[in-house]
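**Student:** Structure file protein-v5.txt (compact mmCIF, C-alpha atoms) is given on the next line.
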```txt
# COMPACT_ATOMS: atom_id res chain seq x y z
CA MET D 1 -9.47 29.84 -27.76
CA GLU D 2 -10.30 31.98 -24.73
CA LYS D 3 -13.96 32.09 -25.80
CA TRP D 4 -14.05 28.27 -26.05
CA ALA D 5 -12.40 27.84 -22.65
CA LYS D 6 -14.91 30.09 -20.90
CA SER D 7 -17.90 28.55 -22.63
CA SER D 8 -16.72 25.06 -21.61
CA ASN D 9 -16.27 26.05 -17.97
CA ALA D 10 -12.60 25.13 -18.24
CA PRO D 11 -10.58 25.59 -15.07
CA ASN D 12 -8.51 28.70 -14.54
CA VAL D 13 -5.31 26.75 -15.05
CA LEU D 14 -6.22 26.17 -18.71
CA LEU D 15 -6.98 29.85 -19.22
CA ARG D 16 -3.66 30.82 -17.69
CA MET D 17 -1.92 28.28 -19.89
CA GLU D 18 -3.51 29.70 -23.02
CA GLN D 19 -2.74 33.30 -21.99
CA ARG D 20 0.89 32.35 -21.46
CA LEU D 21 1.04 30.70 -24.88
CA GLN D 22 -0.45 33.81 -26.50
CA GLU D 23 2.12 36.04 -24.80
CA GLN D 24 4.96 33.76 -25.93
CA ARG D 25 3.63 33.71 -29.50
CA LYS D 26 3.41 37.53 -29.57
CA THR D 27 6.97 37.83 -28.24
CA LEU D 28 8.25 35.38 -30.84
CA GLU D 29 6.37 37.12 -33.64
CA ALA D 30 7.76 40.51 -32.62
CA ALA D 31 11.30 39.14 -32.50
CA GLN D 32 10.95 37.54 -35.95
CA LEU D 33 9.55 40.75 -37.48
CA GLU D 34 12.36 42.81 -35.97
CA LYS D 35 14.99 40.46 -37.41
CA ARG D 36 13.40 40.51 -40.85
CA ALA D 37 13.27 44.33 -40.80
CA LYS D 38 17.02 44.31 -40.21
CA GLY D 39 17.58 41.73 -42.92
CA GLU D 40 18.51 39.08 -40.38
CA TYR D 41 17.27 35.52 -40.60
CA SER D 42 17.75 32.79 -38.01
CA LYS D 43 19.24 29.52 -39.19
CA VAL D 44 17.27 26.66 -37.70
CA SER D 45 16.97 22.98 -38.52
CA PRO D 46 13.88 21.74 -40.43
CA GLU D 47 12.76 19.89 -37.26
CA MET D 48 13.03 23.03 -35.12
CA GLN D 49 11.28 25.10 -37.80
CA LYS D 50 8.39 22.63 -37.76
CA LYS D 51 8.08 22.95 -33.98
CA MET D 52 8.13 26.74 -34.26
CA ASP D 53 5.45 26.69 -36.95
CA GLU D 54 3.26 24.44 -34.80
CA PHE D 55 3.76 26.71 -31.81
CA MET D 56 2.75 29.76 -33.85
CA ASP D 57 -0.31 27.98 -35.24
CA ALA D 58 -3.24 29.15 -33.10
CA ASP D 59 -5.58 26.48 -34.53
CA ALA D 60 -3.13 23.71 -33.70
CA ASN D 61 -2.77 25.05 -30.18
CA GLU D 62 -6.53 25.14 -29.73
CA ARG D 63 -6.79 21.52 -30.85
CA ARG D 64 -4.13 20.55 -28.30
CA MET D 65 -5.94 22.43 -25.55
CA ARG D 66 -9.22 20.72 -26.43
CA GLN D 67 -7.47 17.35 -26.23
CA LEU D 68 -5.93 18.18 -22.85
CA PHE D 69 -9.30 19.34 -21.53
CA HIS D 70 -10.95 16.13 -22.72
CA GLU D 71 -8.26 14.00 -21.06
CA ALA D 72 -8.51 15.93 -17.79
CA PHE D 73 -12.30 15.53 -17.54
CA LYS D 74 -12.92 12.35 -19.50
CA GLU D 75 -16.13 10.46 -19.03
CA GLY D 76 -14.69 7.89 -16.58
CA TYR D 77 -15.13 10.28 -13.66
CA PHE D 78 -18.74 11.05 -14.54
CA ASN D 79 -19.54 7.36 -15.03
CA ASP D 80 -18.16 6.65 -11.56
CA ALA D 81 -20.23 9.49 -10.09
CA LYS D 82 -23.40 8.20 -11.78
CA GLU D 83 -22.74 4.70 -10.44
CA VAL D 84 -22.36 6.03 -6.89
CA ALA D 85 -25.52 8.11 -7.26
CA LYS D 86 -27.42 5.02 -8.40
CA LYS D 87 -25.98 2.34 -6.08
CA GLY D 88 -24.76 4.37 -3.11
CA VAL D 89 -21.34 4.42 -1.47
CA LYS D 90 -21.11 0.62 -1.46
CA LEU D 91 -21.32 -1.22 -4.77
CA TRP D 92 -21.58 -4.68 -3.22
CA GLU D 93 -21.03 -6.52 0.05
CA ALA D 94 -17.64 -8.20 0.45
CA PRO D 95 -17.60 -12.00 0.09
CA LYS D 96 -17.60 -14.22 3.16
CA LYS D 97 -15.08 -16.63 1.67
CA LEU D 98 -11.52 -16.28 0.41
CA ARG D 99 -11.03 -16.57 -3.32
CA LEU D 100 -9.08 -19.51 -4.61
CA GLN D 101 -5.56 -18.40 -5.44
CA SER D 102 -5.87 -19.66 -9.01
CA LEU D 103 -8.98 -17.52 -9.55
CA SER D 104 -7.67 -14.37 -7.87
CA PRO D 105 -6.55 -11.33 -9.89
CA THR D 106 -3.03 -9.99 -9.55
CA MET D 107 -2.47 -6.77 -7.67
CA PRO D 108 -1.09 -4.12 -10.07
CA ASN D 109 2.44 -3.16 -9.11
CA VAL D 110 2.13 0.61 -8.78
CA ALA D 111 5.32 2.65 -8.55
CA GLY D 112 5.57 5.89 -6.62
CA ARG D 113 7.12 7.69 -3.68
CA THR D 114 6.32 7.05 -0.04
CA LEU D 115 5.64 9.68 2.58
CA ALA D 116 9.09 8.74 3.90
CA LYS D 117 10.42 10.15 0.58
CA GLU D 118 11.57 6.80 -0.81
CA ASP D 119 11.00 5.82 -4.45
CA THR D 120 9.67 2.27 -4.56
CA ASP D 121 6.79 0.09 -5.76
CA LEU D 122 3.98 -1.92 -4.26
CA MET D 123 5.57 -5.36 -4.64
CA THR D 124 8.71 -4.19 -2.85
CA LEU D 125 6.66 -2.90 0.07
CA MET D 126 4.78 -6.21 0.32
CA ALA D 127 7.89 -8.40 0.07
CA GLY D 128 8.36 -10.74 3.03
CA ASN D 129 4.72 -10.67 4.16
CA ASN D 130 2.46 -13.70 4.15
CA VAL D 131 -0.50 -11.34 3.77
CA THR D 132 -0.78 -7.61 3.17
CA LEU D 133 -3.75 -5.28 3.45
CA VAL D 134 -3.48 -2.92 0.47
CA THR D 135 -5.84 0.06 0.52
CA PHE D 136 -6.63 2.23 -2.51
CA ALA D 137 -7.93 5.77 -2.08
CA LEU D 138 -8.50 7.81 -5.24
CA SER D 139 -10.62 10.54 -3.61
CA ALA D 140 -11.34 12.17 -0.25
CA LEU D 141 -14.41 9.95 0.02
CA GLY D 142 -12.30 6.88 -0.60
CA GLU D 143 -9.76 7.94 2.01
CA SER D 144 -12.40 8.11 4.75
CA GLN D 145 -13.83 4.76 3.68
CA VAL D 146 -10.55 2.81 3.80
CA ALA D 147 -9.90 4.32 7.23
CA SER D 148 -12.92 2.37 8.54
CA PHE D 149 -11.06 -0.85 7.68
CA ILE D 150 -7.57 0.28 8.71
CA GLU D 151 -8.40 1.10 12.34
CA PRO D 152 -9.65 -2.39 13.36
CA PHE D 153 -6.96 -4.04 11.22
CA LEU D 154 -4.11 -2.23 12.96
CA LYS D 155 -5.66 -2.80 16.36
CA GLU D 156 -5.49 -6.56 15.70
CA PHE D 157 -2.32 -6.91 13.61
CA LYS D 158 -0.08 -3.88 14.20
CA ASP D 159 2.90 -5.90 15.47
CA VAL D 160 2.05 -9.37 14.13
CA LYS D 161 4.85 -11.03 12.15
CA GLY D 162 3.98 -11.90 8.56
CA VAL D 163 1.18 -9.31 8.32
CA GLY D 164 1.67 -5.94 6.66
CA MET D 165 -0.28 -2.97 5.37
CA VAL D 166 0.30 -0.58 2.46
CA GLN D 167 -1.79 2.53 1.87
CA LEU D 168 -1.92 3.75 -1.70
CA ALA D 169 -3.12 7.25 -2.54
CA VAL D 170 -3.69 7.71 -6.27
CA GLU D 171 -4.67 10.81 -8.25
CA GLU D 172 -5.45 9.94 -11.85
CA ASN D 173 -6.50 13.43 -12.96
CA TRP D 174 -3.46 15.45 -14.07
CA ILE D 175 -4.99 18.81 -13.09
CA LYS D 176 -6.00 17.70 -9.59
CA GLY D 177 -2.66 15.89 -9.33
CA ALA D 178 -0.85 19.23 -9.54
CA VAL D 179 -2.84 20.42 -6.53
CA MET D 180 -2.38 17.17 -4.62
CA ARG D 181 1.39 17.43 -4.95
CA LEU D 182 1.22 20.69 -3.04
CA LEU D 183 -0.68 18.93 -0.26
CA VAL D 184 1.88 16.15 0.25
CA PRO D 185 3.49 17.90 3.26
CA TRP D 186 0.06 18.11 4.93
CA THR D 187 -0.61 14.42 4.21
CA ARG D 188 2.79 13.55 5.68
CA LEU D 189 2.10 15.64 8.78
CA LYS D 190 -1.24 13.99 9.55
CA THR D 191 0.05 10.44 8.92
CA PRO D 192 1.69 8.70 11.91
CA ARG D 193 5.45 8.48 11.44
CA GLU D 194 5.49 4.67 11.65
CA ARG D 195 3.09 4.41 8.69
CA ARG D 196 4.81 6.83 6.29
CA ALA D 197 7.23 4.28 4.84
CA ASN D 198 4.24 2.18 3.70
CA TYR D 199 2.12 5.06 2.41
CA LEU D 200 2.66 5.19 -1.35
CA LEU D 201 1.75 8.19 -3.54
CA HIS D 202 1.06 7.90 -7.27
CA PHE D 203 0.02 10.76 -9.57
CA ASN D 204 -0.89 9.12 -12.84
CA SER D 205 -3.68 7.01 -14.29
CA ILE D 206 -3.83 3.33 -13.40
CA ARG D 207 -7.46 3.06 -14.46
CA GLU D 208 -7.07 0.00 -16.67
CA GLU D 209 -4.84 -1.83 -14.18
CA ARG D 210 -7.07 -1.23 -11.18
CA ARG D 211 -10.23 -2.12 -13.10
CA ALA D 212 -8.64 -5.41 -14.16
CA ALA D 213 -8.01 -6.05 -10.46
CA GLY D 214 -11.68 -5.42 -9.59
CA MET D 215 -11.41 -1.80 -8.40
CA THR D 216 -13.84 -0.41 -10.94
CA ASN D 217 -14.98 2.85 -9.31
CA GLY D 218 -12.44 5.60 -8.73
CA LEU D 219 -14.54 7.56 -6.23
CA LEU D 220 -14.79 4.78 -3.65
CA GLY D 221 -12.21 3.38 -1.29
CA TRP D 222 -10.98 -0.18 -1.85
CA VAL D 223 -9.26 -2.66 0.47
CA ASN D 224 -7.53 -5.83 -0.68
CA LEU D 225 -6.02 -8.79 1.14
CA VAL D 226 -3.02 -9.80 -0.95
CA ASP D 227 -1.12 -13.05 -0.43
CA SER D 228 2.63 -13.58 -0.84
CA THR D 229 2.29 -14.24 -4.58
CA GLY D 230 0.64 -10.86 -5.21
CA ARG D 231 -2.87 -12.30 -5.64
CA ILE D 232 -5.94 -10.47 -4.30
CA ARG D 233 -7.69 -13.11 -2.18
CA TRP D 234 -10.37 -10.83 -0.69
CA GLN D 235 -11.66 -7.38 -1.60
CA ALA D 236 -14.12 -4.83 -0.23
CA ASN D 237 -15.28 -1.34 -1.18
CA GLY D 238 -16.93 1.63 0.49
CA PRO D 239 -17.34 2.01 4.27
CA ALA D 240 -16.71 -1.09 6.38
CA ALA D 241 -19.69 -3.13 7.54
CA ASP D 242 -19.39 -5.12 10.77
CA HIS D 243 -19.41 -8.48 9.01
CA GLU D 244 -16.76 -7.24 6.57
CA ILE D 245 -14.44 -6.28 9.43
CA ALA D 246 -14.99 -9.75 10.92
CA SER D 247 -14.13 -11.34 7.55
CA LEU D 248 -11.06 -9.13 7.12
CA LEU D 249 -9.64 -10.13 10.50
CA LYS D 250 -10.45 -13.83 10.07
CA PHE D 251 -9.02 -14.11 6.55
CA THR D 252 -5.87 -12.23 7.55
CA LYS D 253 -5.26 -14.81 10.26
CA ASP D 254 -6.00 -17.66 7.84
CA LEU D 255 -3.53 -16.40 5.24
CA ASN D 256 -0.86 -15.68 7.83
CA VAL D 257 -0.88 -19.20 9.35
CA ALA D 258 -1.06 -20.94 5.98
CA PRO D 259 2.29 -22.09 4.53
CA PRO D 260 3.68 -19.17 2.50
CA ALA D 261 3.03 -19.62 -1.20
CA LYS D 262 6.07 -19.69 -3.44
CA PRO D 263 6.63 -16.15 -4.74
CA PRO D 264 6.65 -15.66 -8.52
CA THR D 265 10.03 -15.70 -10.24
CA THR D 266 9.03 -12.42 -11.92
CA LEU D 267 7.03 -9.95 -9.90
CA PRO D 268 3.67 -9.28 -11.59
CA ASN D 269 3.30 -6.02 -13.52
CA ARG D 270 6.60 -4.72 -12.19
CA GLY D 271 7.32 -1.31 -13.67
CA THR D 272 4.21 -1.22 -15.85
CA ALA D 273 2.69 1.65 -13.89
CA ALA D 274 3.73 5.21 -14.63
CA LYS D 275 7.06 6.50 -13.37
CA ALA D 276 7.59 7.16 -9.72
CA VAL D 277 6.24 10.35 -8.27
CA ARG D 278 8.55 13.03 -6.90
CA SER D 279 7.22 14.88 -3.87
```
Show me this structure written as structure tokens.
**Tutor:**
Amino acid sequence: MEKWAKSSNAPNVLLRMEQRLQEQRKTLEAAQLEKRAKGEYSKVSPEMQKKMDEFMDADANERRMRQLFHEAFKEGYFNDAKEVAKKGVKLWEAPKKLRLQSLSPTMPNVAGRTLAKEDTDLMTLMAGNNVTLVTFALSALGESQVASFIEPFLKEFKDVKGVGMVQLAVEENWIKGAVMRLLVPWTRLKTPRERRANYLLHFNSIREERRAAGMTNGLLGWVNLVDSTGRIRWQANGPAADHEIASLLKFTKDLNVAPPAKPPTTLPNRGTAAKAVRS
């Protein structure tokens, strides 16, 4: 197992995990041999015996480690990187018209914990707004990109009734997620206090949900104008262009003065995202 991990350039965390498993197996083996030498035998249920046998099976453990490694570095990340290398940090220019509500995708209702240490979900944070700017950052690159939209948006709409903003920071890779959890205090420190209650953290994959909503590349930053029904009426990616900022501000005003659409009786995708993060 150790030879495979090194040859695959696996991260140190996987090596430490395997070393810990080997130590536990050796301890368990020694304890079992000592009991048998004394004529003692542990009485365990068939289910527990099966789990013990699987734990002692080095081949089974290697297969599990290979599966974990594949999940941690699955091809989605590399496909996103290749797309950015080919097309640049902007996949396409944002549209200059609002989408029709009937043709607009639904914003996935991601659950998580805010920087104000409250467990909640996206739809709850958007409730009561006529229009909400929802930003998605799944990488450091994405975080800097959404910031180019946030600054002019807040300058124009910071205290405007009916307009809100939610920042969503997502880490879909379970290994990097463990590191990102340690950095939550730093993220909280650098985020203005008044924005922490609307800064949602989520450490689990929402790849299928976000792709269905048009956010196909996990390396880029995404901004979405969401109406009161949870529909994405306008979307942009990458760093903000001047005309995109102009469109963002104009469409926000348009959606805020329009009569509020009747909210759905059941909030879309509520609870379908992974369980709330604890930070």
**Student:** Using all atoms listed in the file, determine which residues lie at most 8 Å from region 87-98 of chain D, disregarding the query and same-chain residues fewer than 5 positions distant; provide the list as a list in words.
**Tutor:** Leu220, Arg233, Trp234, Gln235, Ala236, Asn237, Gly238, Pro239, Glu244, Ser247 and Phe251 of chain D
**Student:** Could you give me, as a ChimeraX atom specification, the residues that have an atom at most 10 Å away from the point (-8.6, 10.3, -9.5) in the coordinates of the file, using only C-alpha atoms?
**Tutor:** /D:76-77,137-140,169-177,203-207,217-219
**Student:** Return the single residue from D:Ala147, D:Leu182, D:Val226, D:Leu141 that is closest to Leu122 (chain D), with distances computed using only C-alpha atoms.
**Tutor:**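 Of D:Ala147, D:Leu182, D:Val226, D:Leu141, the one nearest Leu122 (chain D), counting only C-alpha atoms, is D:Val226.
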**Student:** For each of D:Asn198, D:Thr132, D:Thr187, D:Gln167, take the minimum atom-to-atom distance to Thr120 (chain D), counting only C-alpha atoms, then give the residue where this is smallest.
**Tutor:**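 Looking only at the distances to Thr120 (chain D), the closest residue turns out to be D:Asn198.
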**Student:** Calculate how many Å separate CA of Pro185 (chain D) from CA of Glu151 (chain D), rounding to one decimal.
**Tutor:**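 We find that CA of Pro185 (chain D) and CA of Glu151 (chain D) lie 22.5 Å from each other.
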**Student:** Hey, which of D:Leu133, D:Leu115, D:Ile150, D:Met123 ends up closest to Val184 (chain D)? Count all atoms listed in the file.
**Tutor:** D:Leu115
**Student:** Go through D:Arg195, D:Ala30, D:Gly142, D:Gly128 one by one, measure the shortest atom-to-atom distance of each to Ala240 (chain D) using only C-alpha atoms, and give the residue with the smallest value.
**Tutor:**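 That would be D:Gly142, the residue with the smallest distance to Ala240 (chain D).
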